[in-house]
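Trainee: Below is the file my_file_4.pdb, which contains PDB, N, CA and C atoms.
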ATOM      1  N   MET A   1     -57.591-126.144 -53.564  1.00  0.00           N
ATOM      2  CA  MET A   1     -57.389-126.304 -52.135  1.00  0.00           C
ATOM      3  C   MET A   1     -57.515-124.926 -51.495  1.00  0.00           C
ATOM      4  N   GLY A   2     -58.375-124.826 -50.500  1.00  0.00           N
ATOM      5  CA  GLY A   2     -58.589-123.565 -49.814  1.00  0.00           C
ATOM      6  C   GLY A   2     -57.470-123.239 -48.849  1.00  0.00           C
ATOM      7  N   ILE A   3     -57.440-121.988 -48.436  1.00  0.00           N
ATOM      8  CA  ILE A   3     -56.364-121.522 -47.564  1.00  0.00           C
ATOM      9  C   ILE A   3     -56.386-122.220 -46.207  1.00  0.00           C
ATOM     10  N   LEU A   4     -57.581-122.512 -45.691  1.00  0.00           N
ATOM     11  CA  LEU A   4     -57.661-123.206 -44.410  1.00  0.00           C
ATOM     12  C   LEU A   4     -57.219-124.660 -44.531  1.00  0.00           C
ATOM     13  N   ALA A   5     -57.468-125.261 -45.681  1.00  0.00           N
ATOM     14  CA  ALA A   5     -57.000-126.630 -45.901  1.00  0.00           C
ATOM     15  C   ALA A   5     -55.472-126.664 -45.942  1.00  0.00           C
ATOM     16  N   VAL A   6     -54.879-125.630 -46.534  1.00  0.00           N
ATOM     17  CA  VAL A   6     -53.411-125.540 -46.570  1.00  0.00           C
ATOM     18  C   VAL A   6     -52.875-125.403 -45.146  1.00  0.00           C
ATOM     19  N   GLN A   7     -53.533-124.545 -44.367  1.00  0.00           N
ATOM     20  CA  GLN A   7     -53.096-124.350 -42.986  1.00  0.00           C
ATOM     21  C   GLN A   7     -53.227-125.648 -42.189  1.00  0.00           C
ATOM     22  N   ASN A   8     -54.329-126.342 -42.334  1.00  0.00           N
ATOM     23  CA  ASN A   8     -54.523-127.610 -41.624  1.00  0.00           C
ATOM     24  C   ASN A   8     -53.471-128.639 -42.021  1.00  0.00           C
ATOM     25  N   SER A   9     -53.150-128.684 -43.305  1.00  0.00           N
ATOM     26  CA  SER A   9     -52.139-129.607 -43.789  1.00  0.00           C
ATOM     27  C   SER A   9     -50.771-129.280 -43.182  1.00  0.00           C
ATOM     28  N   ALA A  10     -50.469-127.992 -43.100  1.00  0.00           N
ATOM     29  CA  ALA A  10     -49.189-127.580 -42.520  1.00  0.00           C
ATOM     30  C   ALA A  10     -49.125-127.913 -41.032  1.00  0.00           C
ATOM     31  N   VAL A  11     -50.215-127.715 -40.322  1.00  0.00           N
ATOM     32  CA  VAL A  11     -50.248-128.041 -38.891  1.00  0.00           C
ATOM     33  C   VAL A  11     -50.070-129.550 -38.694  1.00  0.00           C
ATOM     34  N   MET A  12     -50.715-130.343 -39.534  1.00  0.00           N
ATOM     35  CA  MET A  12     -50.538-131.798 -39.452  1.00  0.00           C
ATOM     36  C   MET A  12     -49.089-132.174 -39.759  1.00  0.00           C
ATOM     37  N   GLY A  13     -48.467-131.464 -40.706  1.00  0.00           N
ATOM     38  CA  GLY A  13     -47.057-131.707 -41.008  1.00  0.00           C
ATOM     39  C   GLY A  13     -46.155-131.396 -39.829  1.00  0.00           C
ATOM     40  N   ILE A  14     -46.476-130.328 -39.104  1.00  0.00           N
ATOM     41  CA  ILE A  14     -45.716-129.986 -37.896  1.00  0.00           C
ATOM     42  C   ILE A  14     -45.874-131.083 -36.856  1.00  0.00           C
ATOM     43  N   GLN A  15     -47.102-131.543 -36.657  1.00  0.00           N
ATOM     44  CA  GLN A  15     -47.347-132.605 -35.672  1.00  0.00           C
ATOM     45  C   GLN A  15     -46.604-133.878 -36.030  1.00  0.00           C
ATOM     46  N   GLN A  16     -46.612-134.230 -37.316  1.00  0.00           N
ATOM     47  CA  GLN A  16     -45.904-135.433 -37.756  1.00  0.00           C
ATOM     48  C   GLN A  16     -44.399-135.267 -37.564  1.00  0.00           C
ATOM     49  N   GLY A  17     -43.893-134.077 -37.883  1.00  0.00           N
ATOM     50  CA  GLY A  17     -42.467-133.817 -37.696  1.00  0.00           C
ATOM     51  C   GLY A  17     -42.061-133.911 -36.242  1.00  0.00           C
ATOM     52  N   LEU A  18     -42.898-133.390 -35.337  1.00  0.00           N
ATOM     53  CA  LEU A  18     -42.603-133.476 -33.908  1.00  0.00           C
ATOM     54  C   LEU A  18     -42.632-134.921 -33.418  1.00  0.00           C
ATOM     55  N   THR A  19     -43.554-135.702 -33.948  1.00  0.00           N
ATOM     56  CA  THR A  19     -43.600-137.127 -33.606  1.00  0.00           C
ATOM     57  C   THR A  19     -42.317-137.819 -34.051  1.00  0.00           C
ATOM     58  N   ASN A  20     -41.870-137.499 -35.264  1.00  0.00           N
ATOM     59  CA  ASN A  20     -40.622-138.085 -35.772  1.00  0.00           C
ATOM     60  C   ASN A  20     -39.417-137.628 -34.953  1.00  0.00           C
ATOM     61  N   LEU A  21     -39.425-136.361 -34.539  1.00  0.00           N
ATOM     62  CA  LEU A  21     -38.343-135.855 -33.685  1.00  0.00           C
ATOM     63  C   LEU A  21     -38.269-136.646 -32.386  1.00  0.00           C
ATOM     64  N   ARG A  22     -39.419-136.823 -31.751  1.00  0.00           N
ATOM     65  CA  ARG A  22     -39.455-137.566 -30.484  1.00  0.00           C
ATOM     66  C   ARG A  22     -38.968-139.004 -30.656  1.00  0.00           C
ATOM     67  N   ARG A  23     -39.421-139.654 -31.743  1.00  0.00           N
ATOM     68  CA  ARG A  23     -39.029-141.044 -31.979  1.00  0.00           C
ATOM     69  C   ARG A  23     -37.519-141.160 -32.186  1.00  0.00           C
ATOM     70  N   ASN A  24     -36.962-140.289 -33.036  1.00  0.00           N
ATOM     71  CA  ASN A  24     -35.525-140.354 -33.301  1.00  0.00           C
ATOM     72  C   ASN A  24     -34.706-139.977 -32.072  1.00  0.00           C
ATOM     73  N   ALA A  25     -35.175-139.007 -31.309  1.00  0.00           N
ATOM     74  CA  ALA A  25     -34.469-138.632 -30.080  1.00  0.00           C
ATOM     75  C   ALA A  25     -34.470-139.788 -29.090  1.00  0.00           C
ATOM     76  N   ALA A  26     -35.583-140.495 -28.983  1.00  0.00           N
ATOM     77  CA  ALA A  26     -35.664-141.645 -28.086  1.00  0.00           C
ATOM     78  C   ALA A  26     -34.724-142.758 -28.547  1.00  0.00           C
ATOM     79  N   GLU A  27     -34.626-142.971 -29.858  1.00  0.00           N
ATOM     80  CA  GLU A  27     -33.705-143.988 -30.388  1.00  0.00           C
ATOM     81  C   GLU A  27     -32.265-143.632 -30.048  1.00  0.00           C
ATOM     82  N   ILE A  28     -31.925-142.358 -30.189  1.00  0.00           N
ATOM     83  CA  ILE A  28     -30.562-141.922 -29.876  1.00  0.00           C
ATOM     84  C   ILE A  28     -30.296-142.065 -28.380  1.00  0.00           C
ATOM     85  N   ALA A  29     -31.271-141.663 -27.560  1.00  0.00           N
ATOM     86  CA  ALA A  29     -31.099-141.729 -26.107  1.00  0.00           C
ATOM     87  C   ALA A  29     -30.955-143.160 -25.602  1.00  0.00           C
ATOM     88  N   SER A  30     -31.625-144.094 -26.247  1.00  0.00           N
ATOM     89  CA  SER A  30     -31.579-145.486 -25.777  1.00  0.00           C
ATOM     90  C   SER A  30     -30.477-146.302 -26.456  1.00  0.00           C
ATOM     91  N   ALA A  31     -29.741-145.713 -27.360  1.00  0.00           N
ATOM     92  CA  ALA A  31     -28.734-146.461 -28.116  1.00  0.00           C
ATOM     93  C   ALA A  31     -27.667-147.060 -27.210  1.00  0.00           C
ATOM     94  N   ASP A  32     -27.232-146.317 -26.215  1.00  0.00           N
ATOM     95  CA  ASP A  32     -26.190-146.827 -25.325  1.00  0.00           C
ATOM     96  C   ASP A  32     -26.662-148.072 -24.580  1.00  0.00           C
ATOM     97  N   GLN A  33     -27.874-148.051 -24.083  1.00  0.00           N
ATOM     98  CA  GLN A  33     -28.416-149.206 -23.361  1.00  0.00           C
ATOM     99  C   GLN A  33     -28.579-150.401 -24.296  1.00  0.00           C
ATOM    100  N   LEU A  34     -29.030-150.134 -25.539  1.00  0.00           N
ATOM    101  CA  LEU A  34     -29.195-151.234 -26.493  1.00  0.00           C
ATOM    102  C   LEU A  34     -27.849-151.839 -26.860  1.00  0.00           C
ATOM    103  N   ASN A  35     -26.828-150.996 -27.029  1.00  0.00           N
ATOM    104  CA  ASN A  35     -25.492-151.508 -27.361  1.00  0.00           C
ATOM    105  C   ASN A  35     -24.937-152.361 -26.220  1.00  0.00           C
ATOM    106  N   LYS A  36     -25.189-151.949 -24.983  1.00  0.00           N
ATOM    107  CA  LYS A  36     -24.731-152.729 -23.826  1.00  0.00           C
ATOM    108  C   LYS A  36     -25.457-154.066 -23.762  1.00  0.00           C
ATOM    109  N   ALA A  37     -26.683-154.114 -24.257  1.00  0.00           N
ATOM    110  CA  ALA A  37     -27.461-155.354 -24.249  1.00  0.00           C
ATOM    111  C   ALA A  37     -27.113-156.244 -25.435  1.00  0.00           C
ATOM    112  N   GLY A  38     -26.253-155.759 -26.320  1.00  0.00           N
ATOM    113  CA  GLY A  38     -25.829-156.570 -27.455  1.00  0.00           C
ATOM    114  C   GLY A  38     -26.613-156.319 -28.727  1.00  0.00           C
ATOM    115  N   SER A  39     -27.509-155.355 -28.724  1.00  0.00           N
ATOM    116  CA  SER A  39     -28.282-155.045 -29.928  1.00  0.00           C
ATOM    117  C   SER A  39     -27.535-154.019 -30.773  1.00  0.00           C
ATOM    118  N   GLU A  40     -27.641-154.169 -32.061  1.00  0.00           N
ATOM    119  CA  GLU A  40     -27.055-153.191 -32.977  1.00  0.00           C
ATOM    120  C   GLU A  40     -27.990-152.002 -33.104  1.00  0.00           C
ATOM    121  N   THR A  41     -27.441-150.798 -33.105  1.00  0.00           N
ATOM    122  CA  THR A  41     -28.260-149.601 -33.294  1.00  0.00           C
ATOM    123  C   THR A  41     -27.707-148.801 -34.459  1.00  0.00           C
ATOM    124  N   ASP A  42     -28.580-148.100 -35.150  1.00  0.00           N
ATOM    125  CA  ASP A  42     -28.205-147.278 -36.292  1.00  0.00           C
ATOM    126  C   ASP A  42     -28.294-145.806 -35.883  1.00  0.00           C
ATOM    127  N   LEU A  43     -27.249-145.349 -35.206  1.00  0.00           N
ATOM    128  CA  LEU A  43     -27.252-143.969 -34.749  1.00  0.00           C
ATOM    129  C   LEU A  43     -27.243-142.988 -35.913  1.00  0.00           C
ATOM    130  N   ALA A  44     -26.518-143.319 -36.959  1.00  0.00           N
ATOM    131  CA  ALA A  44     -26.461-142.411 -38.109  1.00  0.00           C
ATOM    132  C   ALA A  44     -27.850-142.209 -38.707  1.00  0.00           C
ATOM    133  N   GLY A  45     -28.597-143.283 -38.831  1.00  0.00           N
ATOM    134  CA  GLY A  45     -29.960-143.183 -39.360  1.00  0.00           C
ATOM    135  C   GLY A  45     -30.858-142.349 -38.461  1.00  0.00           C
ATOM    136  N   SER A  46     -30.678-142.493 -37.156  1.00  0.00           N
ATOM    137  CA  SER A  46     -31.484-141.719 -36.209  1.00  0.00           C
ATOM    138  C   SER A  46     -31.129-140.240 -36.260  1.00  0.00           C
ATOM    139  N   VAL A  47     -29.853-139.928 -36.402  1.00  0.00           N
ATOM    140  CA  VAL A  47     -29.432-138.528 -36.489  1.00  0.00           C
ATOM    141  C   VAL A  47     -29.943-137.903 -37.781  1.00  0.00           C
ATOM    142  N   VAL A  48     -29.861-138.640 -38.882  1.00  0.00           N
ATOM    143  CA  VAL A  48     -30.393-138.138 -40.152  1.00  0.00           C
ATOM    144  C   VAL A  48     -31.903-137.938 -40.039  1.00  0.00           C
ATOM    145  N   GLY A  49     -32.592-138.886 -39.434  1.00  0.00           N
ATOM    146  CA  GLY A  49     -34.032-138.755 -39.235  1.00  0.00           C
ATOM    147  C   GLY A  49     -34.376-137.559 -38.371  1.00  0.00           C
ATOM    148  N   LEU A  50     -33.552-137.289 -37.366  1.00  0.00           N
ATOM    149  CA  LEU A  50     -33.749-136.134 -36.495  1.00  0.00           C
ATOM    150  C   LEU A  50     -33.655-134.842 -37.308  1.00  0.00           C
ATOM    151  N   LYS A  51     -32.664-134.756 -38.164  1.00  0.00           N
ATOM    152  CA  LYS A  51     -32.484-133.560 -38.999  1.00  0.00           C
ATOM    153  C   LYS A  51     -33.631-133.431 -39.999  1.00  0.00           C
ATOM    154  N   GLN A  52     -34.064-134.535 -40.592  1.00  0.00           N
ATOM    155  CA  GLN A  52     -35.183-134.497 -41.533  1.00  0.00           C
ATOM    156  C   GLN A  52     -36.454-133.999 -40.853  1.00  0.00           C
ATOM    157  N   ALA A  53     -36.689-134.466 -39.653  1.00  0.00           N
ATOM    158  CA  ALA A  53     -37.876-134.039 -38.907  1.00  0.00           C
ATOM    159  C   ALA A  53     -37.785-132.552 -38.572  1.00  0.00           C
ATOM    160  N   GLU A  54     -36.594-132.085 -38.237  1.00  0.00           N
ATOM    161  CA  GLU A  54     -36.397-130.660 -37.947  1.00  0.00           C
ATOM    162  C   GLU A  54     -36.735-129.808 -39.168  1.00  0.00           C
ATOM    163  N   VAL A  55     -36.232-130.218 -40.323  1.00  0.00           N
ATOM    164  CA  VAL A  55     -36.506-129.479 -41.560  1.00  0.00           C
ATOM    165  C   VAL A  55     -37.997-129.521 -41.894  1.00  0.00           C
ATOM    166  N   GLN A  56     -38.625-130.664 -41.657  1.00  0.00           N
ATOM    167  CA  GLN A  56     -40.063-130.803 -41.909  1.00  0.00           C
ATOM    168  C   GLN A  56     -40.858-129.818 -41.049  1.00  0.00           C
ATOM    169  N   VAL A  57     -40.524-129.736 -39.773  1.00  0.00           N
ATOM    170  CA  VAL A  57     -41.227-128.817 -38.877  1.00  0.00           C
ATOM    171  C   VAL A  57     -40.996-127.372 -39.310  1.00  0.00           C
ATOM    172  N   GLN A  58     -39.761-127.023 -39.650  1.00  0.00           N
ATOM    173  CA  GLN A  58     -39.455-125.658 -40.072  1.00  0.00           C
ATOM    174  C   GLN A  58     -40.197-125.287 -41.353  1.00  0.00           C
ATOM    175  N   ALA A  59     -40.237-126.194 -42.315  1.00  0.00           N
ATOM    176  CA  ALA A  59     -40.918-125.908 -43.587  1.00  0.00           C
ATOM    177  C   ALA A  59     -42.418-125.709 -43.368  1.00  0.00           C
ATOM    178  N   ASN A  60     -43.005-126.563 -42.571  1.00  0.00           N
ATOM    179  CA  ASN A  60     -44.437-126.432 -42.310  1.00  0.00           C
ATOM    180  C   ASN A  60     -44.752-125.190 -41.482  1.00  0.00           C
ATOM    181  N   ALA A  61     -43.853-124.803 -40.601  1.00  0.00           N
ATOM    182  CA  ALA A  61     -44.039-123.574 -39.834  1.00  0.00           C
ATOM    183  C   ALA A  61     -44.013-122.358 -40.767  1.00  0.00           C
ATOM    184  N   LYS A  62     -43.179-122.403 -41.794  1.00  0.00           N
ATOM    185  CA  LYS A  62     -43.142-121.309 -42.776  1.00  0.00           C
ATOM    186  C   LYS A  62     -44.447-121.251 -43.562  1.00  0.00           C
ATOM    187  N   VAL A  63     -45.036-122.397 -43.847  1.00  0.00           N
ATOM    188  CA  VAL A  63     -46.330-122.419 -44.539  1.00  0.00           C
ATOM    189  C   VAL A  63     -47.401-121.784 -43.659  1.00  0.00           C
ATOM    190  N   VAL A  64     -47.414-122.136 -42.370  1.00  0.00           N
ATOM    191  CA  VAL A  64     -48.388-121.547 -41.446  1.00  0.00           C
ATOM    192  C   VAL A  64     -48.187-120.030 -41.395  1.00  0.00           C
ATOM    193  N   SER A  65     -46.953-119.588 -41.356  1.00  0.00           N
ATOM    194  CA  SER A  65     -46.667-118.152 -41.328  1.00  0.00           C
ATOM    195  C   SER A  65     -47.141-117.470 -42.615  1.00  0.00           C
ATOM    196  N   ALA A  66     -46.931-118.119 -43.748  1.00  0.00           N
ATOM    197  CA  ALA A  66     -47.380-117.554 -45.020  1.00  0.00           C
ATOM    198  C   ALA A  66     -48.898-117.458 -45.079  1.00  0.00           C
ATOM    199  N   VAL A  67     -49.586-118.485 -44.581  1.00  0.00           N
ATOM    200  CA  VAL A  67     -51.047-118.460 -44.541  1.00  0.00           C
ATOM    201  C   VAL A  67     -51.517-117.309 -43.658  1.00  0.00           C
ATOM    202  N   ASP A  68     -50.849-117.108 -42.528  1.00  0.00           N
ATOM    203  CA  ASP A  68     -51.184-116.005 -41.633  1.00  0.00           C
ATOM    204  C   ASP A  68     -51.022-114.660 -42.345  1.00  0.00           C
ATOM    205  N   ASP A  69     -49.941-114.512 -43.103  1.00  0.00           N
ATOM    206  CA  ASP A  69     -49.716-113.271 -43.860  1.00  0.00           C
ATOM    207  C   ASP A  69     -50.801-113.059 -44.914  1.00  0.00           C
ATOM    208  N   VAL A  70     -51.166-114.120 -45.618  1.00  0.00           N
ATOM    209  CA  VAL A  70     -52.194-114.016 -46.658  1.00  0.00           C
ATOM    210  C   VAL A  70     -53.538-113.647 -46.048  1.00  0.00           C
ATOM    211  N   LEU A  71     -53.886-114.308 -44.957  1.00  0.00           N
ATOM    212  CA  LEU A  71     -55.153-113.987 -44.293  1.00  0.00           C
ATOM    213  C   LEU A  71     -55.160-112.547 -43.779  1.00  0.00           C
ATOM    214  N   GLY A  72     -54.036-112.107 -43.239  1.00  0.00           N
ATOM    215  CA  GLY A  72     -53.933-110.725 -42.781  1.00  0.00           C
ATOM    216  C   GLY A  72     -54.108-109.736 -43.918  1.00  0.00           C
ATOM    217  N   THR A  73     -53.505-110.026 -45.059  1.00  0.00           N
ATOM    218  CA  THR A  73     -53.633-109.166 -46.225  1.00  0.00           C
ATOM    219  C   THR A  73     -55.070-109.145 -46.726  1.00  0.00           C
ATOM    220  N   LEU A  74     -55.698-110.323 -46.753  1.00  0.00           N
ATOM    221  CA  LEU A  74     -57.097-110.376 -47.196  1.00  0.00           C
ATOM    222  C   LEU A  74     -58.005-109.577 -46.270  1.00  0.00           C
ATOM    223  N   LEU A  75     -57.789-109.691 -44.977  1.00  0.00           N
ATOM    224  CA  LEU A  75     -58.602-108.941 -44.022  1.00  0.00           C
ATOM    225  C   LEU A  75     -58.359-107.446 -44.142  1.00  0.00           C
ATOM    226  N   ASP A  76     -57.116-107.052 -44.361  1.00  0.00           N
ATOM    227  CA  ASP A  76     -56.802-105.626 -44.536  1.00  0.00           C
ATOM    228  C   ASP A  76     -57.448-105.080 -45.806  1.00  0.00           C
ATOM    229  N   THR A  77     -57.484-105.895 -46.863  1.00  0.00           N
ATOM    230  CA  THR A  77     -58.086-105.487 -48.131  1.00  0.00           C
ATOM    231  C   THR A  77     -59.585-105.320 -47.989  1.00  0.00           C
ATOM    232  N   GLN A  78     -60.215-106.214 -47.227  1.00  0.00           N
ATOM    233  CA  GLN A  78     -61.664-106.164 -47.049  1.00  0.00           C
ATOM    234  C   GLN A  78     -62.103-105.037 -46.118  1.00  0.00           C
ATOM    235  N   ALA A  79     -61.218-104.598 -45.235  1.00  0.00           N
ATOM    236  CA  ALA A  79     -61.573-103.568 -44.240  1.00  0.00           C
ATOM    237  C   ALA A  79     -61.601-102.173 -44.812  1.00  0.00           C
TER     238      ALA A  79
END
What's the structure tokens form of this structure?

Mentor:
Amino acid sequence: MGILAVQNSAVMGIQQGLTNLRRNAAEIASADQLNKAGSETDLAGSVVGLKQAEVQVQANAKVVSAVDDVLGTLLDTQA
């Protein structure tokens, strides 16, 4: 796997994590209205999902940063 493929994979991971963050945040925000309407909501699951998405974004951001460092080192070596 090439370095750019790793970077692309990490960026896609960040995008997926942000999508999951938005979904879980929306579930938490709408929980009160759903409870008033008589629907059961799983707030604990949404909060756990929110934290998982946060960790996913942070981990993938570290991969992007590492790729940036590697590319910088390679360019410095070639110069």

Trainee: Go through A:Leu4, A:Ala66, A:Asn24, A:Asp76 one by one, measure the shortest atom-to-atom distance of each to Gly45 of chain A using all atoms listed in the file, and give the residue with the smallest value.

Mentor: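 Smallest separation from Gly45 of chain A among the options: A:Asn24.
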
Trainee: For Gln52 of chain A, work out the shell of residues within 8 Å, counting all atoms listed in the file and skipping chain neighbours fewer than 4 positions away, then give it as a PyMOL selection string.

Mentor: chain A and resi 17+20-21+46-48+56-58

Trainee: What is the atom CA of Ile14 of chain A to atom CA of Ala44 of chain A distance in Å?

Mentor: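 Here the two named atoms are 22.9 Å from each other.
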
Trainee: From the list A:Asp32, A:Met1, A:Leu71, A:Ala53, which residue is nearest Leu18 of chain A when using only N, CA and C atoms?

Mentor: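 Smallest distance to Leu18 of chain A is found for A:Ala53.
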
Trainee: To one decimal place, how far is atom C of Ser9 of chain A from atom N of Leu75 of chain A in Å?

Mentor: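 Those two atoms sit 20.9 Å apart.
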
Trainee: What is the distance between atom N of Val11 of chain A and atom CA of Thr77 of chain A, in Å to one decimal?

Mentor: 24.8 Å

Trainee: Find the residue from A:Ala59, A:Val70, A:Glu54, A:Ser30 that sits nearest to Gly2 of chain A; use only C-alpha atoms when measuring.

Mentor: A:Val70

Trainee: Rank A:Gly49, A:Met12, A:Ala26, A:Gln7 by their smallest atom-to-atom distance to Asp68 of chain A, using all atoms listed in the file, and report the top residue only.

Mentor: A:Gln7

Trainee: With only C-alpha atoms as the basis for distance, which of A:Leu74, A:Ala25, A:Ala5, A:Ala31 is at the shortest distance from Lys51 of chain A?

Mentor: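 Nearest candidate to Lys51 of chain A out of A:Leu74, A:Ala25, A:Ala5, A:Ala31: A:Ala25.
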